[in-house]
>>> print(open('final17.txt').read())   # compact mmCIF, C-alpha atoms and all ligand atoms
# COMPACT_ATOMS: atom_id res chain seq x y z
CA MET A 1 163.63 153.20 109.07
CA THR A 2 160.39 154.99 109.98
CA ALA A 3 157.04 153.26 109.65
CA LEU A 4 156.17 155.68 106.89
CA SER A 5 159.29 154.97 104.83
CA ALA A 6 158.81 151.22 105.38
CA ILE A 7 155.40 151.53 103.75
CA LEU A 8 156.29 154.10 101.10
CA GLY A 9 159.40 152.14 100.09
CA SER A 10 157.23 149.26 98.94
CA GLU A 11 157.32 148.26 95.30
CA ARG A 12 153.53 148.58 95.41
CA PHE A 13 153.82 152.34 95.10
CA THR A 14 156.70 152.58 92.68
CA GLN A 15 155.34 150.14 90.11
CA ASP A 16 152.48 150.66 87.77
CA ASP A 17 150.13 148.43 89.72
CA PRO A 18 146.58 148.13 88.42
CA ALA A 19 145.17 146.93 91.78
CA PRO A 20 142.84 149.29 93.70
CA LEU A 21 144.68 151.70 95.99
CA TYR A 22 143.42 150.28 99.27
CA LEU A 23 144.62 146.79 98.24
CA ARG A 24 148.01 148.22 97.28
CA LEU A 25 148.29 149.90 100.66
CA GLN A 26 147.32 146.63 102.34
CA SER A 27 149.95 144.72 100.37
CA ALA A 28 152.59 147.33 101.18
CA ILE A 29 151.86 147.03 104.91
CA ARG A 30 151.75 143.22 104.77
CA GLU A 31 155.09 143.18 102.98
CA ALA A 32 156.68 145.60 105.47
CA VAL A 33 155.44 143.39 108.34
CA GLY A 34 156.61 140.25 106.55
CA ALA A 35 160.05 141.73 105.88
CA GLY A 36 160.35 142.92 109.46
CA SER A 37 160.72 146.62 108.58
CA LEU A 38 157.48 147.05 110.55
CA ALA A 39 157.79 145.08 113.77
CA PRO A 40 155.09 143.85 116.17
CA GLY A 41 154.04 146.73 118.40
CA ASP A 42 155.22 149.44 115.93
CA ALA A 43 152.81 152.34 115.51
CA LEU A 44 151.59 153.12 112.01
CA PRO A 45 151.65 156.72 110.83
CA PRO A 46 148.36 158.55 111.45
CA GLU A 47 145.69 158.09 108.75
CA ARG A 48 145.99 161.73 107.78
CA GLU A 49 149.74 161.43 107.17
CA LEU A 50 149.40 158.20 105.18
CA ALA A 51 146.68 159.78 103.04
CA SER A 52 148.67 162.91 102.24
CA GLU A 53 151.98 161.12 101.63
CA LEU A 54 150.35 158.60 99.29
CA GLY A 55 148.06 161.14 97.68
CA ILE A 56 144.97 159.05 98.45
CA SER A 57 141.83 159.76 100.44
CA ARG A 58 141.52 159.08 104.17
CA VAL A 59 138.51 156.89 103.39
CA THR A 60 140.78 154.64 101.31
CA VAL A 61 143.41 154.53 104.06
CA ARG A 62 140.73 153.69 106.64
CA LYS A 63 139.35 150.90 104.43
CA ALA A 64 142.83 149.40 104.00
CA LEU A 65 143.60 149.52 107.73
CA ALA A 66 140.20 148.10 108.70
CA GLY A 67 140.83 145.08 106.46
CA LEU A 68 144.21 144.44 108.10
CA VAL A 69 142.71 144.80 111.59
CA GLU A 70 140.11 142.21 110.60
CA ALA A 71 142.90 139.91 109.39
CA GLY A 72 144.69 140.21 112.74
CA ILE A 73 147.75 141.93 111.24
CA LEU A 74 147.06 145.33 112.81
CA GLN A 75 145.40 146.37 116.04
CA GLN A 76 143.54 149.59 116.73
CA ARG A 77 143.72 151.03 120.22
CA ARG A 78 141.05 153.53 121.08
CA GLY A 79 142.41 157.04 121.01
CA SER A 80 146.00 156.06 120.33
CA GLY A 81 146.11 154.82 116.75
CA THR A 82 147.00 151.69 114.82
CA TYR A 83 149.77 149.22 115.63
CA VAL A 84 151.28 146.09 114.18
CA ALA A 85 149.69 143.24 116.16
CA PRO A 86 152.04 141.48 118.56
CA THR A 87 152.98 137.97 117.43
CA PRO A 88 153.96 135.36 119.97
CA HIS A 89 157.42 133.87 120.14
CA ARG A 90 157.20 130.33 118.84
CA MET A 91 157.49 127.84 121.70
CA GLU A 92 158.91 124.36 121.41
CA GLN A 93 156.96 122.27 123.85
CA PRO A 94 158.09 118.73 124.70
CA LEU A 95 155.19 116.29 124.82
CA SER A 96 156.82 114.04 127.37
CA ARG A 97 156.90 116.31 130.43
CA LEU A 98 153.99 117.06 132.72
CA THR A 99 154.65 120.73 133.33
CA SER A 100 152.28 123.64 133.93
CA PHE A 101 151.77 126.69 131.78
CA THR A 102 153.25 128.91 134.49
CA GLU A 103 156.39 126.76 134.78
CA ASP A 104 156.77 126.50 131.01
CA MET A 105 156.60 130.26 130.50
CA ARG A 106 158.89 131.13 133.42
CA ALA A 107 161.46 128.57 132.25
CA ARG A 108 161.55 130.45 128.94
CA GLY A 109 161.91 133.84 130.57
CA PHE A 110 158.35 135.03 129.83
CA ARG A 111 155.97 136.54 132.35
CA PRO A 112 152.85 134.36 132.58
CA THR A 113 149.57 136.07 133.37
CA VAL A 114 145.97 134.94 133.51
CA GLN A 115 142.66 136.48 132.51
CA VAL A 116 139.80 134.66 134.15
CA ILE A 117 136.88 134.23 131.76
CA ASP A 118 134.75 132.25 134.20
CA ARG A 119 135.19 130.25 137.38
CA ARG A 120 132.58 128.35 139.30
CA VAL A 121 131.58 125.18 141.07
CA SER A 122 128.88 123.25 139.23
CA LEU A 123 127.58 119.82 138.36
CA PRO A 124 129.72 117.86 135.88
CA SER A 125 128.64 117.11 132.34
CA PRO A 126 128.02 113.38 131.71
CA GLU A 127 131.44 113.18 130.00
CA GLU A 128 133.17 114.81 132.98
CA ALA A 129 131.36 112.56 135.46
CA MET A 130 132.65 109.55 133.48
CA VAL A 131 136.22 110.86 133.23
CA PHE A 132 136.43 111.48 137.00
CA GLY A 133 134.24 108.54 138.02
CA LEU A 134 132.04 110.85 140.12
CA LYS A 135 129.03 109.77 142.16
CA VAL A 136 125.68 111.42 141.46
CA GLY A 137 125.56 114.88 143.04
CA GLU A 138 129.35 115.30 143.30
CA ARG A 139 130.46 118.62 141.87
CA VAL A 140 133.40 119.98 139.92
CA THR A 141 135.36 123.21 140.09
CA ARG A 142 135.78 124.99 136.76
CA LEU A 143 138.45 127.45 135.67
CA HIS A 144 138.02 129.02 132.25
CA ARG A 145 141.13 131.10 131.63
CA LEU A 146 143.05 132.95 128.96
CA ARG A 147 146.78 132.33 129.40
CA LEU A 148 149.24 135.01 128.30
CA ALA A 149 153.02 135.21 127.96
CA ASP A 150 154.45 138.74 128.24
CA GLY A 151 150.93 140.00 127.62
CA VAL A 152 150.41 138.03 124.38
CA PRO A 153 147.47 135.57 124.46
CA MET A 154 148.77 132.00 123.99
CA ALA A 155 145.99 129.63 124.98
CA ILE A 156 142.46 129.33 126.28
CA GLU A 157 142.04 126.66 128.94
CA MET A 158 138.93 125.17 130.48
CA ALA A 159 140.19 123.19 133.44
CA VAL A 160 137.87 120.96 135.45
CA VAL A 161 138.85 119.45 138.82
CA PRO A 162 136.59 117.47 141.17
CA GLN A 163 135.42 119.76 143.96
CA ALA A 164 136.68 117.19 146.46
CA PHE A 165 140.22 118.10 145.27
CA LEU A 166 139.71 121.83 144.71
CA PRO A 167 136.85 123.18 146.85
CA ASP A 168 136.88 126.74 145.49
CA PRO A 169 138.14 128.17 142.16
CA ASP A 170 139.24 131.35 143.96
CA LEU A 171 142.06 129.32 145.55
CA VAL A 172 143.84 129.56 142.18
CA ASP A 173 145.45 132.88 141.56
CA GLN A 174 148.01 132.14 138.83
CA SER A 175 148.91 128.44 138.79
CA LEU A 176 146.49 125.55 139.16
CA TYR A 177 149.35 123.06 139.50
CA ALA A 178 151.00 125.12 142.27
CA VAL A 179 147.73 124.97 144.23
CA LEU A 180 147.35 121.23 143.60
CA GLU A 181 150.97 120.71 144.64
CA ALA A 182 150.43 122.67 147.88
CA ARG A 183 147.44 120.42 148.60
CA GLY A 184 149.56 117.30 147.95
CA ILE A 185 147.65 116.34 144.81
CA ARG A 186 149.86 117.38 141.93
CA PRO A 187 149.28 115.04 138.98
CA VAL A 188 152.13 112.66 138.17
CA ARG A 189 150.91 111.31 134.84
CA ALA A 190 148.64 112.54 132.05
CA LEU A 191 147.13 111.51 128.76
CA GLN A 192 146.92 114.22 126.18
CA ARG A 193 145.10 114.40 122.89
CA LEU A 194 145.87 116.99 120.21
CA ALA A 195 143.82 117.83 117.14
CA ALA A 196 144.06 120.58 114.55
CA THR A 197 141.10 122.92 114.34
CA ASN A 198 140.11 126.29 112.89
CA ILE A 199 139.26 128.72 115.61
CA ALA A 200 135.69 130.02 116.01
CA ALA A 201 134.82 133.69 116.47
CA THR A 202 134.56 133.81 120.30
CA GLU A 203 137.90 132.09 120.86
CA ALA A 204 139.55 134.03 118.01
CA ALA A 205 138.65 137.30 119.71
CA LEU A 206 140.19 136.11 123.00
CA LEU A 207 143.39 134.89 121.33
CA GLU A 208 143.50 138.03 119.14
CA VAL A 209 143.85 136.00 115.94
CA PRO A 210 141.70 136.03 112.78
CA VAL A 211 138.60 133.82 112.81
CA GLY A 212 139.45 130.44 111.29
CA SER A 213 143.18 130.54 112.23
CA ALA A 214 144.94 127.23 112.72
CA THR A 215 144.69 126.20 116.35
CA LEU A 216 145.48 123.10 118.39
CA ARG A 217 142.67 121.69 120.46
CA ILE A 218 144.22 119.82 123.36
CA GLU A 219 142.61 117.65 126.01
CA ARG A 220 144.57 116.58 129.06
CA VAL A 221 143.44 114.03 131.62
CA SER A 222 145.84 113.98 134.58
CA TYR A 223 146.22 111.29 137.23
CA LEU A 224 147.48 111.04 140.79
CA ALA A 225 149.93 108.28 141.71
CA ASP A 226 147.00 106.18 143.02
CA GLY A 227 145.24 106.36 139.64
CA ARG A 228 142.53 108.88 140.50
CA VAL A 229 141.86 111.54 137.85
CA VAL A 230 142.56 115.01 139.22
CA GLU A 231 142.24 117.21 136.12
CA PHE A 232 140.38 117.27 132.82
CA THR A 233 141.41 120.29 130.78
CA ARG A 234 140.33 121.29 127.31
CA SER A 235 142.33 124.03 125.64
CA TYR A 236 142.95 125.92 122.44
CA TYR A 237 146.58 126.74 121.71
CA ARG A 238 147.59 129.24 119.05
CA GLY A 239 148.92 127.36 116.05
CA ASP A 240 151.39 130.17 115.31
CA ALA A 241 152.86 129.95 118.80
CA TYR A 242 153.54 126.29 119.41
CA ASP A 243 155.63 123.44 118.07
CA PHE A 244 154.90 120.29 120.04
CA VAL A 245 157.91 118.01 120.05
CA ALA A 246 157.86 114.30 120.90
CA GLU A 247 160.79 111.93 121.38
CA LEU A 248 160.32 108.58 119.67
CA ASN A 249 162.08 105.34 120.62
CA LEU A 250 162.34 102.07 118.72
CA GLY A 251 159.92 99.69 120.50
CA ALA A 252 161.26 96.79 122.57
CA ASP A 253 159.32 94.37 120.32
CA HIS A 254 161.39 95.36 117.30
C1 LIG A 301 149.12 123.37 130.96
C2 LIG A 301 148.20 122.18 130.73
C3 LIG A 301 146.92 122.26 131.50
C4 LIG A 301 147.17 122.60 132.94
C5 LIG A 301 147.99 123.86 133.04
C6 LIG A 301 148.33 124.21 134.46
C7 LIG A 301 148.64 121.70 128.34
C8 LIG A 301 148.06 121.43 127.02
N1 LIG A 301 147.83 121.99 129.33
O1 LIG A 301 148.69 124.48 130.28
O2 LIG A 301 146.27 121.01 131.41
O3 LIG A 301 145.96 122.77 133.63
O4 LIG A 301 149.22 123.69 132.34
O5 LIG A 301 149.01 125.45 134.43
O6 LIG A 301 149.82 121.64 128.48
P1 LIG A 301 149.06 126.41 135.67
O7 LIG A 301 149.58 125.62 136.84
O8 LIG A 301 149.97 127.52 135.25
O9 LIG A 301 147.66 126.89 135.95
>>> encode(input="final17.txt", output="C-alpha cells", more="lines below")
Ligand code: 16G
Amino acid sequence: MTALSAILGSERFTQDDPAPLYLRLQSAIREAVGAGSLAPGDALPPERELASELGISRVTVRKALAGLVEAGILQQRRGSGTYVAPTPHRMEQPLSRLTSFTEDMRARGFRPTVQVIDRRVSLPSPEEAMVFGLKVGERVTRLHRLRLADGVPMAIEMAVVPQAFLPDPDLVDQSLYAVLEARGIRPVRALQRLAATNIAATEAALLEVPVGSATLRIERVSYLADGRVVEFTRSYYRGDAYDFVAELNLGADH
C-alpha cells in the first residue's frame, strides 16, 4: 500500500465528516500510523500531491502536517520532505542487574551510539559532594549524553564520577562502564530510584518526543566493593521505550 492510498483510504475522507479539513487529514494520518499502514520512517507524499488528491489547499495540508510534527508523530527533514517519526522498540529492562546502556543495547542486537551534550570537570554541587563524600575542593567529572539505539534517542544521562576515579571525560568514548572496568573500578552494586515525570521542552527536543510526554526520571548511585560511591547518574528514559521489570520474592520473615 502506498503512503497516499493509506491516507486516502481513511474513513475520514469517505464519510460525511463535519470536522475541518486539516483535522480530518490529521486524523487520517494518525489512523494510518496507528494501524501500521504508515510505518515509522515512511515518507509522506509531497504536500502538492496530497493537496491535489484530496482537493484541498496546500496551506491546509501544511497546517495539518505542522500539527503532527509538533505532536511528534511526523518529522520534517530539511529539503527531503515529511516522514513518520521513528518509534523505539519497547525494551524490557530487569531492575536487578547492574548493566550498562551499551551492554543492554548490544545484548538486544541494537547499535548503541552517543551524542555528547556536555562534558567537563567541575566542582560538585552540595548534593553531589554529599553523595560521594568529597572533601572541599575535590572535583567531579561530568558526562551529559544522549543515548541512542539504532539511531533512535532512548535516554538522556547526566553521569557524575569523582575526578579521582575518572580524571578526564574525554577518556569515555562510548561506554562509561567499560572505561571504569578497564581502570579496575567497575561498580558492583547500585541503588536506583525511578519516578514518573512529564518531559520539559529542552529534554523533549533531545529525545524527539512531544513536550510533556511520559518519561521516567532515574537516579543511580553505584558503589565499589569497598563501599565507595563511584557514580551518581541522573537520567530521563523515554516512557514509550521502556518496561522496567523487577523480580519479587516472599520475604524470609513471612
Ligand atoms: C545505564 C545506567 C547509567 C550508567 C550507564 C553506563 C540506568 C538507569 N542507568 O544507562 O547509570 O552510567 O548505563 O552505560 O540504567 P555506558 O557504559 O554505556 O556508558
>>> closest_residue(input="final17.txt", among="A:Ser100, A:Ser213, A:Gln26, A:Gln115", to="ligand LIG 301 (chain A)", atoms="only C-alpha atoms and all ligand atoms")
A:Ser100
>>> residues_around(input="final17.txt", residues="Pro20 of chain A", least_positions_apart="5", cutoff="12 Å", atoms="only C-alpha atoms", output="PyMOL selection string")
chain A and resi 12-13+25-27+56+60-61+63-64
>>> residues_near_ligand(input="final17.txt", ligand="ligand LIG 301 (chain A)", cutoff="8 Å", atoms="all atoms listed in the file", output="list in words")
Leu98, Thr99, Ser100, Phe101, Thr102, Glu103, Pro112, Ala155, Glu157, Ala159, Val172, Gln174, Ser175, Leu176, Tyr177, Ala178, Val179, Gln192, Ile218, Glu219, Arg220, Val221, Ser222, Glu231, Phe232, Thr233, Arg234, Ser235 and Tyr237 of chain A
>>> atom_distance(input="final17.txt", atom1="atom CA of Gly109 of chain A", atom2="atom CA of His89 of chain A")
11.4 Å
>>> residues_around(input="final17.txt", residues="Phe244 of chain A", least_positions_apart="5", cutoff="9 Å", atoms="only C-alpha atoms", output="PyMOL selection string")
chain A and resi 91-95
>>> write_last_selection(input="final17.txt", atoms="C-alpha atoms", output="mmCIF file, keeping the file's coordinate frame")
data_model
loop_
_atom_site.group_PDB
_atom_site.id
_atom_site.type_symbol
_atom_site.label_atom_id
_atom_site.label_comp_id
_atom_site.auth_asym_id
_atom_site.auth_seq_id
_atom_site.Cartn_x
_atom_site.Cartn_y
_atom_site.Cartn_z
ATOM 1 C CA MET A 91 157.490 127.840 121.700
ATOM 2 C CA GLU A 92 158.910 124.360 121.410
ATOM 3 C CA GLN A 93 156.960 122.270 123.850
ATOM 4 C CA PRO A 94 158.090 118.730 124.700
ATOM 5 C CA LEU A 95 155.190 116.290 124.820
#
>>> closest_residue(input="final17.txt", among="A:Val161, A:Val230, A:Val33, A:Val245", to="Ile73 of chain A", atoms="only C-alpha atoms")
A:Val33
>>> atom_distance(input="final17.txt", atom1="atom CA of Ser80 of chain A", atom2="atom CA of Arg62 of chain A")
14.9 Å
>>> residues_around(input="final17.txt", residues="Arg58 of chain A", least_positions_apart="5", cutoff="9 Å", atoms="all atoms listed in the file", output="list in words")
Glu47, Arg48, Leu50, Ala51, Ser52 and Lys63 of chain A
>>> write_last_selection(input="final17.txt", atoms="C-alpha atoms", output="compact mmCIF listing (two decimals), in the frame of the given file")
# COMPACT_ATOMS: atom_id res chain seq x y z
CA GLU A 47 145.69 158.09 108.75
CA ARG A 48 145.99 161.73 107.78
CA LEU A 50 149.40 158.20 105.18
CA ALA A 51 146.68 159.78 103.04
CA SER A 52 148.67 162.91 102.24
CA LYS A 63 139.35 150.90 104.43
>>> atom_distance(input="final17.txt", atom1="atom CA of Pro162 of chain A", atom2="atom CA of Val116 of chain A")
18.8 Å
>>> residues_near_point(input="final17.txt", point="(157.0, 147.4, 113.2)", cutoff="9 Å", atoms="only C-alpha atoms", output="number ranges by chain")
A: 2-3, 6, 32-33, 36-44, 83-85
>>> residues_near_point(input="final17.txt", point="(151.6, 128.5, 115.9)", cutoff="8 Å", atoms="all atoms listed in the file", output="PyMOL selection string")
chain A and resi 90+214-215+237-243
>>> closest_residue(input="final17.txt", among="A:Thr87, A:Ser96, A:Thr141, A:Ser5", to="Leu207 of chain A", atoms="all atoms listed in the file")
A:Thr87
